[in-house]
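What's in work.pdb: PDB, C-alpha atoms and all ligand atoms
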ATOM      1  CA  MET A 447      29.746  -3.159 -22.778
ATOM      2  CA  ASN A 448      29.432  -3.439 -19.011
ATOM      3  CA  LYS A 449      26.333  -5.112 -17.718
ATOM      4  CA  THR A 450      23.632  -2.816 -16.344
ATOM      5  CA  TRP A 451      21.399  -4.012 -13.530
ATOM      6  CA  VAL A 452      18.213  -2.456 -12.175
ATOM      7  CA  ILE A 453      17.627  -3.125  -8.504
ATOM      8  CA  GLY A 454      15.523  -1.880  -5.604
ATOM      9  CA  HIS A 455      15.919  -2.088  -1.846
ATOM     10  CA  LYS A 456      16.602  -5.041   0.422
ATOM     11  CA  ASN A 457      13.502  -6.688   1.874
ATOM     12  CA  PRO A 458      11.942  -5.977  -1.500
ATOM     13  CA  ASP A 459       8.278  -5.100  -1.731
ATOM     14  CA  THR A 460       6.063  -5.315  -4.798
ATOM     15  CA  ASP A 461       6.789  -1.758  -5.963
ATOM     16  CA  SER A 462      10.521  -2.269  -5.754
ATOM     17  CA  ILE A 463      10.541  -5.594  -7.664
ATOM     18  CA  ILE A 464       8.107  -4.445 -10.322
ATOM     19  CA  SER A 465       9.860  -1.134 -10.883
ATOM     20  CA  ALA A 466      13.097  -3.041 -11.470
ATOM     21  CA  ILE A 467      11.469  -5.510 -13.881
ATOM     22  CA  VAL A 468       9.642  -2.977 -16.033
ATOM     23  CA  TYR A 469      12.368  -0.349 -16.112
ATOM     24  CA  ALA A 470      15.002  -2.965 -17.003
ATOM     25  CA  LYS A 471      12.841  -4.107 -19.906
ATOM     26  CA  LYS A 472      12.442  -0.569 -21.166
ATOM     27  CA  ILE A 473      16.157   0.284 -21.112
ATOM     28  CA  ASN A 474      17.466  -3.156 -22.100
ATOM     29  CA  ALA A 475      19.046  -3.846 -18.744
ATOM     30  CA  THR A 476      18.699  -6.814 -16.378
ATOM     31  CA  PRO A 477      16.399  -6.694 -13.353
ATOM     32  CA  ALA A 478      17.631  -8.021 -10.016
ATOM     33  CA  ARG A 479      16.280  -8.394  -6.519
ATOM     34  CA  ALA A 480      17.974  -7.690  -3.201
ATOM     35  CA  GLY A 481      16.146 -10.330  -1.182
ATOM     36  CA  GLU A 482      13.338 -12.849  -1.041
ATOM     37  CA  ILE A 483      10.132 -12.136  -2.925
ATOM     38  CA  ASN A 484       7.010 -11.820  -0.781
ATOM     39  CA  GLN A 485       3.670 -13.554  -1.391
ATOM     40  CA  GLU A 486       1.990 -10.442  -2.748
ATOM     41  CA  THR A 487       4.737  -9.887  -5.336
ATOM     42  CA  LYS A 488       4.637 -13.579  -6.280
ATOM     43  CA  PHE A 489       0.933 -13.238  -6.985
ATOM     44  CA  ALA A 490       1.549 -10.198  -9.204
ATOM     45  CA  LEU A 491       4.328 -11.896 -11.183
ATOM     46  CA  LYS A 492       2.291 -15.055 -11.636
ATOM     47  CA  LYS A 493      -0.778 -13.119 -12.698
ATOM     48  CA  PHE A 494       1.131 -11.526 -15.573
ATOM     49  CA  SER A 495       3.400 -14.517 -16.255
ATOM     50  CA  VAL A 496       6.652 -12.784 -15.456
ATOM     51  CA  GLU A 497       9.702 -14.495 -13.986
ATOM     52  CA  GLU A 498      11.309 -13.520 -10.703
ATOM     53  CA  PRO A 499      14.428 -11.402 -11.184
ATOM     54  CA  VAL A 500      17.751 -12.934 -10.143
ATOM     55  CA  LEU A 501      18.999 -12.508  -6.602
ATOM     56  CA  LYS A 502      21.985 -10.189  -6.462
ATOM     57  CA  GLU A 503      24.259  -9.839  -3.455
ATOM     58  CA  ARG A 504      26.508  -7.059  -4.654
ATOM     59  CA  ILE A 505      27.147  -4.932  -7.711
ATOM     60  CA  GLU A 506      30.607  -5.795  -8.979
ATOM     61  CA  LYS A 507      33.275  -3.269  -9.906
ATOM     62  CA  ASP A 508      32.787  -3.597 -13.651
ATOM     63  CA  GLU A 509      28.986  -3.446 -13.466
ATOM     64  CA  LYS A 510      26.518  -0.574 -13.730
ATOM     65  CA  VAL A 511      23.334  -0.186 -11.761
ATOM     66  CA  VAL A 512      20.084   1.765 -11.833
ATOM     67  CA  ILE A 513      18.577   2.102  -8.368
ATOM     68  CA  VAL A 514      14.805   2.127  -7.985
ATOM     69  CA  ASP A 515      12.463   2.680  -5.043
ATOM     70  CA  THR A 516      15.125   3.906  -2.612
ATOM     71  CA  ASN A 517      18.025   6.346  -2.527
ATOM     72  CA  ASN A 518      19.350   5.147   0.794
ATOM     73  CA  LYS A 519      22.673   3.319   0.791
ATOM     74  CA  GLU A 520      21.692   1.428   3.952
ATOM     75  CA  GLU A 521      18.786  -0.192   2.159
ATOM     76  CA  LEU A 522      20.922  -1.365  -0.761
ATOM     77  CA  ILE A 523      23.250  -4.267  -1.435
ATOM     78  CA  PRO A 524      26.945  -3.245  -1.550
ATOM     79  CA  ILE A 525      27.685  -1.322  -4.731
ATOM     80  CA  ASN A 526      31.248  -1.553  -6.018
ATOM     81  CA  GLY A 527      30.277  -0.584  -9.547
ATOM     82  CA  GLU A 528      28.818   2.563 -10.996
ATOM     83  CA  ILE A 529      25.398   3.997 -10.170
ATOM     84  CA  VAL A 530      24.030   5.366 -13.441
ATOM     85  CA  GLU A 531      20.518   6.461 -12.453
ATOM     86  CA  ILE A 532      18.094   6.690  -9.521
ATOM     87  CA  ILE A 533      14.283   6.606  -9.705
ATOM     88  CA  ASP A 534      12.486   6.937  -6.396
ATOM     89  CA  HIS A 535       9.637   8.371  -4.366
ATOM     90  CA  HIS A 536      11.294   8.618  -0.949
ATOM     91  CA  ARG A 537      12.889  11.603   0.695
ATOM     92  CA  LEU A 538      16.387  12.429  -0.485
ATOM     93  CA  CYS A 539      18.738  10.645   1.835
ATOM     94  CA  GLY A 540      22.048  12.010   0.601
ATOM     95  CA  ASN A 541      24.324   9.100   1.483
ATOM     96  CA  LEU A 542      25.024   7.887  -2.073
ATOM     97  CA  GLU A 543      27.949   9.230  -4.042
ATOM     98  CA  THR A 544      28.696   9.109  -7.749
ATOM     99  CA  PRO A 545      31.899  10.113  -9.552
ATOM    100  CA  ALA A 546      29.946  11.959 -12.257
ATOM    101  CA  PRO A 547      26.524  13.578 -12.560
ATOM    102  CA  ILE A 548      23.685  11.101 -13.059
ATOM    103  CA  LYS A 549      19.996  11.276 -13.832
ATOM    104  CA  VAL A 550      17.933  11.326 -10.662
ATOM    105  CA  THR A 551      14.129  11.252 -10.705
ATOM    106  CA  ILE A 552      12.470  11.627  -7.330
ATOM    107  CA  LYS A 553       8.805  12.542  -7.191
ATOM    108  CA  PRO A 554       6.422  12.864  -4.253
ATOM    109  CA  VAL A 555       4.004  10.221  -5.498
ATOM    110  CA  GLY A 556       2.631   6.994  -4.055
ATOM    111  CA  SER A 557       4.965   4.565  -5.770
ATOM    112  CA  THR A 558       7.999   4.235  -8.011
ATOM    113  CA  SER A 559       5.733   2.289 -10.357
ATOM    114  CA  THR A 560       3.770   5.517 -10.880
ATOM    115  CA  ILE A 561       6.899   7.344 -12.054
ATOM    116  CA  ILE A 562       7.935   4.548 -14.401
ATOM    117  CA  ALA A 563       4.403   4.199 -15.788
ATOM    118  CA  GLU A 564       4.306   7.915 -16.498
ATOM    119  CA  MET A 565       7.617   7.718 -18.374
ATOM    120  CA  PHE A 566       6.436   4.977 -20.729
ATOM    121  CA  LEU A 567       2.649   5.314 -20.667
ATOM    122  CA  ASN A 568       2.198   5.087 -24.425
ATOM    123  CA  GLU A 569       4.517   2.133 -24.936
ATOM    124  CA  LEU A 570       3.477  -0.353 -22.262
ATOM    125  CA  THR A 571       2.442  -3.927 -22.987
ATOM    126  CA  LYS A 572      -0.587  -5.392 -21.235
ATOM    127  CA  GLU A 573       1.692  -7.290 -18.864
ATOM    128  CA  GLU A 574       3.852  -4.279 -18.037
ATOM    129  CA  ALA A 575       0.766  -2.165 -17.365
ATOM    130  CA  GLY A 576      -0.681  -4.862 -15.115
ATOM    131  CA  LEU A 577       2.559  -5.162 -13.179
ATOM    132  CA  LEU A 578       2.876  -1.416 -12.673
ATOM    133  CA  LEU A 579      -0.730  -1.272 -11.516
ATOM    134  CA  CYS A 580       0.172  -3.858  -8.860
ATOM    135  CA  GLY A 581       3.092  -1.674  -7.762
ATOM    136  CA  ILE A 582       0.807   1.339  -7.332
ATOM    137  CA  LEU A 583      -1.978  -0.573  -5.563
ATOM    138  CA  SER A 584       0.509  -2.224  -3.237
ATOM    139  CA  ASP A 585       2.397   0.907  -2.164
ATOM    140  CA  THR A 586      -0.693   3.123  -1.860
ATOM    141  CA  VAL A 587      -2.686   0.376  -0.092
ATOM    142  CA  ILE A 588      -5.311   0.651  -2.845
ATOM    143  CA  PHE A 589      -5.215   4.483  -2.710
ATOM    144  CA  ARG A 590      -5.916   4.555   1.045
ATOM    145  CA  SER A 591      -2.456   5.595   2.164
ATOM    146  CA  PRO A 592      -1.939   9.354   2.662
ATOM    147  CA  THR A 593       1.052   9.013   0.340
ATOM    148  CA  THR A 594      -1.464   8.600  -2.502
ATOM    149  CA  THR A 595      -1.614  11.448  -5.030
ATOM    150  CA  GLU A 596      -4.023  12.299  -7.841
ATOM    151  CA  LEU A 597      -1.345  11.200 -10.297
ATOM    152  CA  ASP A 598      -1.299   7.696  -8.788
ATOM    153  CA  LYS A 599      -5.043   7.355  -9.294
ATOM    154  CA  GLU A 600      -4.969   8.804 -12.776
ATOM    155  CA  ILE A 601      -2.097   6.578 -13.918
ATOM    156  CA  ALA A 602      -3.649   3.513 -12.273
ATOM    157  CA  LYS A 603      -6.853   4.024 -14.250
ATOM    158  CA  LYS A 604      -4.912   4.182 -17.507
ATOM    159  CA  LEU A 605      -2.859   1.118 -16.582
ATOM    160  CA  ALA A 606      -5.980  -0.865 -15.672
ATOM    161  CA  LYS A 607      -7.418  -0.046 -19.055
ATOM    162  CA  ILE A 608      -4.304  -1.256 -20.877
ATOM    163  CA  ALA A 609      -4.123  -4.377 -18.679
ATOM    164  CA  GLY A 610      -7.819  -5.157 -19.127
ATOM    165  CA  ILE A 611      -8.644  -4.950 -15.428
ATOM    166  CA  GLU A 612     -12.145  -3.653 -14.888
ATOM    167  CA  ASP A 613     -12.538  -3.423 -11.131
ATOM    168  CA  ILE A 614      -9.385  -1.830  -9.695
ATOM    169  CA  GLU A 615     -10.620  -1.961  -6.089
ATOM    170  CA  ALA A 616     -11.468  -5.687  -6.256
ATOM    171  CA  PHE A 617      -8.170  -6.455  -7.957
ATOM    172  CA  GLY A 618      -6.336  -4.417  -5.316
ATOM    173  CA  LYS A 619      -8.027  -6.360  -2.519
ATOM    174  CA  GLU A 620      -7.114  -9.657  -4.128
ATOM    175  CA  LEU A 621      -3.500  -8.498  -4.415
ATOM    176  CA  LYS A 622      -3.380  -7.164  -0.863
ATOM    177  CA  SER A 623      -4.953 -10.298   0.602
ATOM    178  CA  LYS A 624      -1.838 -12.211  -0.494
ATOM    179  CA  ALA A 625       0.271  -9.965   1.691
ATOM    180  CA  CYS A 626      -1.823 -10.901   4.709
ATOM    181  CA  VAL A 627      -0.750 -14.511   4.802
ATOM    182  CA  LEU A 628       1.458 -14.686   7.882
ATOM    183  CA  SER A 629       4.046 -17.309   8.697
ATOM    184  CA  GLU A 630       3.905 -19.259  11.971
ATOM    185  CA  ASP A 631       7.072 -17.518  13.105
ATOM    186  CA  PRO A 632       6.436 -14.025  14.570
ATOM    187  CA  LYS A 633      10.071 -13.019  14.098
ATOM    188  CA  GLU A 634       9.926 -13.810  10.414
ATOM    189  CA  ASN A 635       6.744 -11.734  10.116
ATOM    190  CA  VAL A 636       8.260  -8.758  11.923
ATOM    191  CA  LEU A 637      11.332  -8.808   9.673
ATOM    192  CA  ARG A 638       9.279  -9.071   6.510
ATOM    193  CA  ASP A 639       8.944  -5.313   6.053
ATOM    194  CA  PHE A 640      11.405  -3.835   8.499
ATOM    195  CA  LYS A 641      13.195  -0.500   8.346
ATOM    196  CA  ILE A 642      15.767   1.053  10.638
ATOM    197  CA  ILE A 643      15.568   4.795  11.164
ATOM    198  CA  GLU A 644      17.202   7.321  13.430
ATOM    199  CA  ALA A 645      15.354   9.985  15.355
ATOM    200  CA  GLY A 646      17.549  12.270  17.398
ATOM    201  CA  ARG A 647      19.818   9.976  19.390
ATOM    202  CA  LYS A 648      17.435   7.027  19.251
ATOM    203  CA  ARG A 649      17.572   4.168  16.790
ATOM    204  CA  PHE A 650      14.290   2.579  15.811
ATOM    205  CA  GLY A 651      13.360  -0.547  13.923
ATOM    206  CA  ILE A 652       9.890  -0.130  12.457
ATOM    207  CA  ALA A 653       8.058  -3.089  10.990
ATOM    208  CA  GLN A 654       4.709  -3.040   9.276
ATOM    209  CA  LEU A 655       2.186  -5.755   8.531
ATOM    210  CA  GLU A 656      -0.742  -4.795   6.334
ATOM    211  CA  LEU A 657      -3.643  -7.023   7.239
ATOM    212  CA  MET A 658      -7.389  -7.224   6.947
ATOM    213  CA  ASP A 659      -7.762  -7.773  10.705
ATOM    214  CA  TYR A 660      -5.758  -7.263  13.929
ATOM    215  CA  GLU A 661      -6.370 -10.630  15.561
ATOM    216  CA  SER A 662      -3.942 -12.666  13.497
ATOM    217  CA  VAL A 663      -1.170 -10.721  15.245
ATOM    218  CA  MET A 664      -2.845  -9.544  18.455
ATOM    219  CA  ASN A 665      -3.830 -13.085  19.473
ATOM    220  CA  LYS A 666      -0.115 -13.837  19.715
ATOM    221  CA  LYS A 667       0.885 -10.457  21.099
ATOM    222  CA  SER A 668       3.364 -11.698  23.718
ATOM    223  CA  GLU A 669       5.173 -13.843  21.151
ATOM    224  CA  TYR A 670       5.427 -10.868  18.820
ATOM    225  CA  LEU A 671       6.763  -8.656  21.605
ATOM    226  CA  ALA A 672       9.362 -11.303  22.491
ATOM    227  CA  ALA A 673      10.474 -11.512  18.853
ATOM    228  CA  MET A 674      10.666  -7.709  18.665
ATOM    229  CA  GLU A 675      12.792  -7.621  21.835
ATOM    230  CA  GLU A 676      15.185 -10.098  20.212
ATOM    231  CA  ILE A 677      15.429  -8.050  17.027
ATOM    232  CA  LYS A 678      16.033  -4.930  19.104
ATOM    233  CA  LYS A 679      19.035  -6.540  20.810
ATOM    234  CA  GLU A 680      20.448  -8.019  17.621
ATOM    235  CA  ASN A 681      20.397  -4.679  15.837
ATOM    236  CA  ASN A 682      21.417  -2.512  18.758
ATOM    237  CA  LEU A 683      18.202  -0.497  18.661
ATOM    238  CA  ASP A 684      16.403   1.565  21.292
ATOM    239  CA  TYR A 685      12.964   0.535  20.120
ATOM    240  CA  VAL A 686      11.329  -1.927  17.776
ATOM    241  CA  LEU A 687       7.836  -0.896  16.719
ATOM    242  CA  LEU A 688       5.393  -3.085  14.863
ATOM    243  CA  MET A 689       2.631  -1.414  12.897
ATOM    244  CA  VAL A 690      -0.269  -3.844  12.754
ATOM    245  CA  THR A 691      -2.180  -2.062  10.049
ATOM    246  CA  ASN A 692      -5.768  -2.962   9.267
ATOM    247  CA  ILE A 693      -6.220  -1.760   5.706
ATOM    248  CA  LEU A 694      -9.998  -2.195   5.790
ATOM    249  CA  GLU A 695     -10.411  -0.179   8.985
ATOM    250  CA  GLU A 696      -7.638   2.232   7.867
ATOM    251  CA  ALA A 697      -5.983   2.221  11.265
ATOM    252  CA  THR A 698      -2.925   0.813  12.997
ATOM    253  CA  LYS A 699      -2.243  -0.830  16.326
ATOM    254  CA  LEU A 700       1.337  -0.020  17.197
ATOM    255  CA  LEU A 701       3.192  -2.596  19.304
ATOM    256  CA  ILE A 702       6.169  -1.256  21.207
ATOM    257  CA  ALA A 703       9.297  -3.125  22.336
ATOM    258  CA  GLY A 704      11.814  -0.980  24.208
ATOM    259  CA  GLU A 705      12.575   0.541  27.545
ATOM    260  CA  ASN A 706       9.917   3.220  27.832
ATOM    261  CA  PRO A 707       6.747   2.536  25.830
ATOM    262  CA  GLU A 708       5.068   5.523  27.526
ATOM    263  CA  GLU A 709       7.528   7.778  25.729
ATOM    264  CA  ILE A 710       6.324   6.453  22.356
ATOM    265  CA  ALA A 711       2.678   6.912  23.354
ATOM    266  CA  LYS A 712       3.540  10.483  24.281
ATOM    267  CA  ALA A 713       5.188  11.090  20.902
ATOM    268  CA  PHE A 714       1.882  10.197  19.230
ATOM    269  CA  GLU A 715      -0.161  12.017  21.898
ATOM    270  CA  LYS A 716      -1.958   8.777  22.718
ATOM    271  CA  LYS A 717      -2.853   6.863  25.852
ATOM    272  CA  MET A 718      -1.654   3.280  26.139
ATOM    273  CA  GLU A 719      -4.553   1.249  24.727
ATOM    274  CA  GLU A 720      -3.343  -1.913  26.398
ATOM    275  CA  GLU A 721       0.102  -3.054  27.507
ATOM    276  CA  ARG A 722       2.742  -1.903  24.975
ATOM    277  CA  CYS A 723       0.155  -1.005  22.369
ATOM    278  CA  ILE A 724      -1.327   2.255  21.100
ATOM    279  CA  TYR A 725      -4.157   2.724  18.641
ATOM    280  CA  LEU A 726      -3.509   5.068  15.718
ATOM    281  CA  GLU A 727      -6.671   5.933  13.862
ATOM    282  CA  GLY A 728      -6.212   6.767  10.176
ATOM    283  CA  VAL A 729      -2.564   5.700  10.212
ATOM    284  CA  LEU A 730      -1.470   3.573   7.254
ATOM    285  CA  SER A 731       1.888   4.998   6.272
ATOM    286  CA  ARG A 732       5.146   4.420   8.106
ATOM    287  CA  LYS A 733       6.898   6.982   5.953
ATOM    288  CA  LYS A 734       4.362   9.790   6.318
ATOM    289  CA  GLN A 735       2.614   9.156   9.616
ATOM    290  CA  VAL A 736       5.031   7.344  11.893
ATOM    291  CA  VAL A 737       8.611   8.256  11.027
ATOM    292  CA  PRO A 738       8.021  12.065  11.002
ATOM    293  CA  VAL A 739       6.252  11.928  14.389
ATOM    294  CA  LEU A 740       9.227  10.139  15.945
ATOM    295  CA  GLN A 741      11.759  12.399  14.267
ATOM    296  CA  ARG A 742       9.960  15.504  15.509
ATOM    297  CA  PHE A 743       9.513  14.182  19.041
ATOM    298  CA  PHE A 744      13.049  12.885  19.506
ATOM    299  CA  ALA A 745      14.825  15.693  17.590
TER     300      ALA A 745
HETATM  301 MN    MN B   1       7.830   2.174  -3.217
END
Give the structure from this file in structure tokens form.
Amino acid sequence: MNKTWVIGHKNPDTDSIISAIVYAKKINATPARAGEINQETKFALKKFSVEEPVLKERIEKDEKVVIVDTNNKEELIPINGEIVEIIDHHRLCGNLETPAPIKVTIKPVGSTSTIIAEMFLNELTKEEAGLLLCGILSDTVIFRSPTTTELDKEIAKKLAKIAGIEDIEAFGKELKSKACVLSEDPKENVLRDFKIIEAGRKRFGIAQLELMDYESVMNKKSEYLAAMEEIKKENNLDYVLLMVTNILEEATKLLIAGENPEEIAKAFEKKMEEERCIYLEGVLSRKKQVVPVLQRFFA
């Protein structure tokens, strides 16, 4: 039998790694990762004594793969083998092809972990439930992100019960605090959670850091802007934006590298707060609150 892998997107986040681990276990496949594991995910895996999945650089011709937490070819490692299933919570991208019909599950919920938890709710071990709870809390920013649905909250409660976690909010904050540990290198931090999107004729790189303050980035603003300028050139982009998201304040300071920062301020109907920075109250989600604004404005 050909080997079946379960893998999420490059620059993997907690939801993507955990979805791969738990789903692989449930279907007797092998989980893999498409990049380095971040501090938050490491905390989650350690907490429930689960090993890191193996790093995979491509899916070989004779291998099968289940894709989780994305359906965008550009976010995946090269796939020479056969895609057998997709489970995701992002908009349908339409750039993946399969030779035969496959099972596709895409739901408008806060995390892929939510979908997988719902599939196996009555057959989860304590560890699996704990891991999936981490996936939900991470992607929904402890239910603060506007991507959060009632189903996410409902499933999270059930998972917490199975995992023996009493205070979901406190556990979520502990998990999220691990994501706030920044490296000394601004460029590394910007690339940590970085996505390239197109809006009209413009190409954007949008990075996000979820923090419990602004200062850890804003005190080194010029260094961050220089790093963003470099990344812009390297990837042939029109703009690189950095969402400095304060999850406690539930707001984002958006740093802008690119020719015409005023144009970006205009897209969000904001005044420039300070040089190359606008303040976005209530904004936590790149997918729901930043990308659509740019795509509408630059359409
Ligand atoms: Mn996700």
**Message:** Could you list, as a count of residues only, every residue matched by the PyMOL selection byres (((chain A and resi 526) around 9) and not hetatm) in this structure?
**Reply:** 10
Would you list the contacts of Gly646 (chain A) as a short mmCIF file (atom, residue, chain, number, x, y, z; two decimals) with C-alpha atoms, keeping the file's coordinate frame, taking every protein, DNA or RNA residue within 8 Å and counting all atoms listed in the file, but skipping same-chain residues closer than 2 positions in sequence?
data_model
loop_
_atom_site.label_atom_id
_atom_site.label_comp_id
_atom_site.auth_asym_id
_atom_site.auth_seq_id
_atom_site.Cartn_x
_atom_site.Cartn_y
_atom_site.Cartn_z
CA GLU A 644 17.20 7.32 13.43
CA LYS A 648 17.43 7.03 19.25
CA GLN A 741 11.76 12.40 14.27
CA PHE A 744 13.05 12.88 19.51
CA ALA A 745 14.82 15.69 17.59
#
**Asked** Given a cut-off of 6 Å, what residues near ligand MN 1 (chain B) show up using all atoms listed in the file, put as a ChimeraX atom specification?
**Response** /A:461-462,515,557-558,585
**Request:** Name all residues at most 10 Å from Val452 (chain A) (count all atoms listed in the file; drop same-chain ones fewer than 5 positions away) and give them as a ChimeraX atom specification.
**Result:** /A:463,465-471,473-479,499,510-514,529-532
**Message:** Using the chain letters and numbers from this file, what does the PyMOL selection byres (((chain A and resi 588-593) around 7) and not hetatm) select? Give the answer as a list in words.
**Reply:**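 Selected by the PyMOL selection byres (((chain A and resi 588-593) around 7) and not hetatm) here: Val555, Gly556, Leu583, Ser584, Thr586, Val587, Thr594, Thr595, Glu615, Gly618, Leu730, Ser731 and Lys734 of chain A.
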Selection result of the PyMOL selection byres (((chain A and resi 656-660) around 12) and not hetatm) on this file, as a CSV table (one decimal) with C-alpha atoms, in the coordinates of the input:
chain,number,residue,atom,x,y,z
A,486,GLU,CA,2.0,-10.4,-2.7
A,584,SER,CA,0.5,-2.2,-3.2
A,585,ASP,CA,2.4,0.9,-2.2
A,586,THR,CA,-0.7,3.1,-1.9
A,587,VAL,CA,-2.7,0.4,-0.1
A,588,ILE,CA,-5.3,0.7,-2.8
A,590,ARG,CA,-5.9,4.6,1.0
A,591,SER,CA,-2.5,5.6,2.2
A,619,LYS,CA,-8.0,-6.4,-2.5
A,620,GLU,CA,-7.1,-9.7,-4.1
A,621,LEU,CA,-3.5,-8.5,-4.4
A,622,LYS,CA,-3.4,-7.2,-0.9
A,623,SER,CA,-5.0,-10.3,0.6
A,624,LYS,CA,-1.8,-12.2,-0.5
A,625,ALA,CA,0.3,-10.0,1.7
A,626,CYS,CA,-1.8,-10.9,4.7
A,627,VAL,CA,-0.8,-14.5,4.8
A,628,LEU,CA,1.5,-14.7,7.9
A,635,ASN,CA,6.7,-11.7,10.1
A,636,VAL,CA,8.3,-8.8,11.9
A,638,ARG,CA,9.3,-9.1,6.5
A,639,ASP,CA,8.9,-5.3,6.1
A,653,ALA,CA,8.1,-3.1,11.0
A,654,GLN,CA,4.7,-3.0,9.3
A,655,LEU,CA,2.2,-5.8,8.5
A,661,GLU,CA,-6.4,-10.6,15.6
A,662,SER,CA,-3.9,-12.7,13.5
A,663,VAL,CA,-1.2,-10.7,15.2
A,664,MET,CA,-2.8,-9.5,18.5
A,665,ASN,CA,-3.8,-13.1,19.5
A,666,LYS,CA,-0.1,-13.8,19.7
A,667,LYS,CA,0.9,-10.5,21.1
A,688,LEU,CA,5.4,-3.1,14.9
A,689,MET,CA,2.6,-1.4,12.9
A,690,VAL,CA,-0.3,-3.8,12.8
A,691,THR,CA,-2.2,-2.1,10.0
A,692,ASN,CA,-5.8,-3.0,9.3
A,693,ILE,CA,-6.2,-1.8,5.7
A,694,LEU,CA,-10.0,-2.2,5.8
A,695,GLU,CA,-10.4,-0.2,9.0
A,696,GLU,CA,-7.6,2.2,7.9
A,697,ALA,CA,-6.0,2.2,11.3
A,698,THR,CA,-2.9,0.8,13.0
A,699,LYS,CA,-2.2,-0.8,16.3
A,700,LEU,CA,1.3,0.0,17.2
A,701,LEU,CA,3.2,-2.6,19.3
A,725,TYR,CA,-4.2,2.7,18.6
A,729,VAL,CA,-2.6,5.7,10.2
A,730,LEU,CA,-1.5,3.6,7.3
A,731,SER,CA,1.9,5.0,6.3
A,732,ARG,CA,5.1,4.4,8.1
**Request:** Please work out which residues fall within 10 Å of (2.7, -3.2, -13.8), coordinates as given in the file, with only C-alpha atoms counting, and return them as a ChimeraX atom specification.
**Result:** /A:460-461,464-465,467-468,490-491,494,559-560,562-563,570-583,602,605-606,609
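Distance check against Val550 (chain A) using all atoms listed in the file: of A:Val739, A:Met674, A:Ile533, A:Met565, the minimum falls on A:Ile533.
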Starting from the point (3.5, 11.6, 17.3), work out which residues of protein, DNA or RNA have an atom no more than 7 Å away when counting all atoms listed in the file; state them as a JSON list (two decimals) with C-alpha atoms, in the coordinates of the input.
[["chain", "number", "residue", "atom", "x", "y", "z"],
["A", 713, "ALA", "CA", 5.19, 11.09, 20.90],
["A", 714, "PHE", "CA", 1.88, 10.20, 19.23],
["A", 715, "GLU", "CA", -0.16, 12.02, 21.90],
["A", 739, "VAL", "CA", 6.25, 11.93, 14.39],
["A", 740, "LEU", "CA", 9.23, 10.14, 15.94],
["A", 743, "PHE", "CA", 9.51, 14.18, 19.04]]
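The gap separating CA of Arg722 (chain A) from CA of Glu675 (chain A) is 12.0 Å, in Å to one decimal.
CA of Thr551 (chain A) is positioned 17.2 Å from CA of Ile601 (chain A).
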**Message:** Which residue is closest to Ala673 (chain A)? Choose from A:Leu567, A:Val496, A:Ala645, A:Leu637 and count all atoms listed in the file.
**Reply:**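 Going through A:Leu567, A:Val496, A:Ala645, A:Leu637 one by one, the smallest distance to Ala673 (chain A) is for A:Leu637.
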**Prompt:** With all atoms listed in the file as the atoms that count, which of A:Leu522, A:Glu497, A:Asp459, A:Glu543 lies nearest to Gln485 (chain A)?
**Reply:**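 Using all atoms listed in the file, Gln485 (chain A) sits closest to A:Asp459.
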**Message:** As an exercise, work out the distance from CA of Cys539 (chain A) to CA of Ile724 (chain A) in Å and give it to one decimal place.
**Reply:** 29.1 Å
Give me the box for region 565-581 of chain A as JSON, namely the centre and edge lengths in Å to one decimal of a box along x, y and z that holds every listed atom plus 6 Å on each side.
{"center_x": 3.4, "center_y": 0.2, "center_z": -16.3, "size_x": 20.3, "size_y": 27.0, "size_z": 29.2}
**Request:** Identify which of the residues A:Lys472, A:Asn706, A:Phe650, A:Asp534 lies closest to Lys679 (chain A), counting all atoms listed in the file when measuring atom-to-atom distances.
**Result:** A:Phe650
**Message:** Please list as JSON, numbers by chain every residue within 8 Å of Glu482 (chain A), counting only C-alpha atoms and excluding residues in the same chain fewer than 4 positions away.
**Reply:** {"A": [457, 458, 501]}
Selected residues written out, C-alpha atoms, as a compact mmCIF listing (two decimals), in the frame of the given file:
# COMPACT_ATOMS: atom_id res chain seq x y z
CA ASN A 457 13.50 -6.69 1.87
CA PRO A 458 11.94 -5.98 -1.50
CA LEU A 501 19.00 -12.51 -6.60
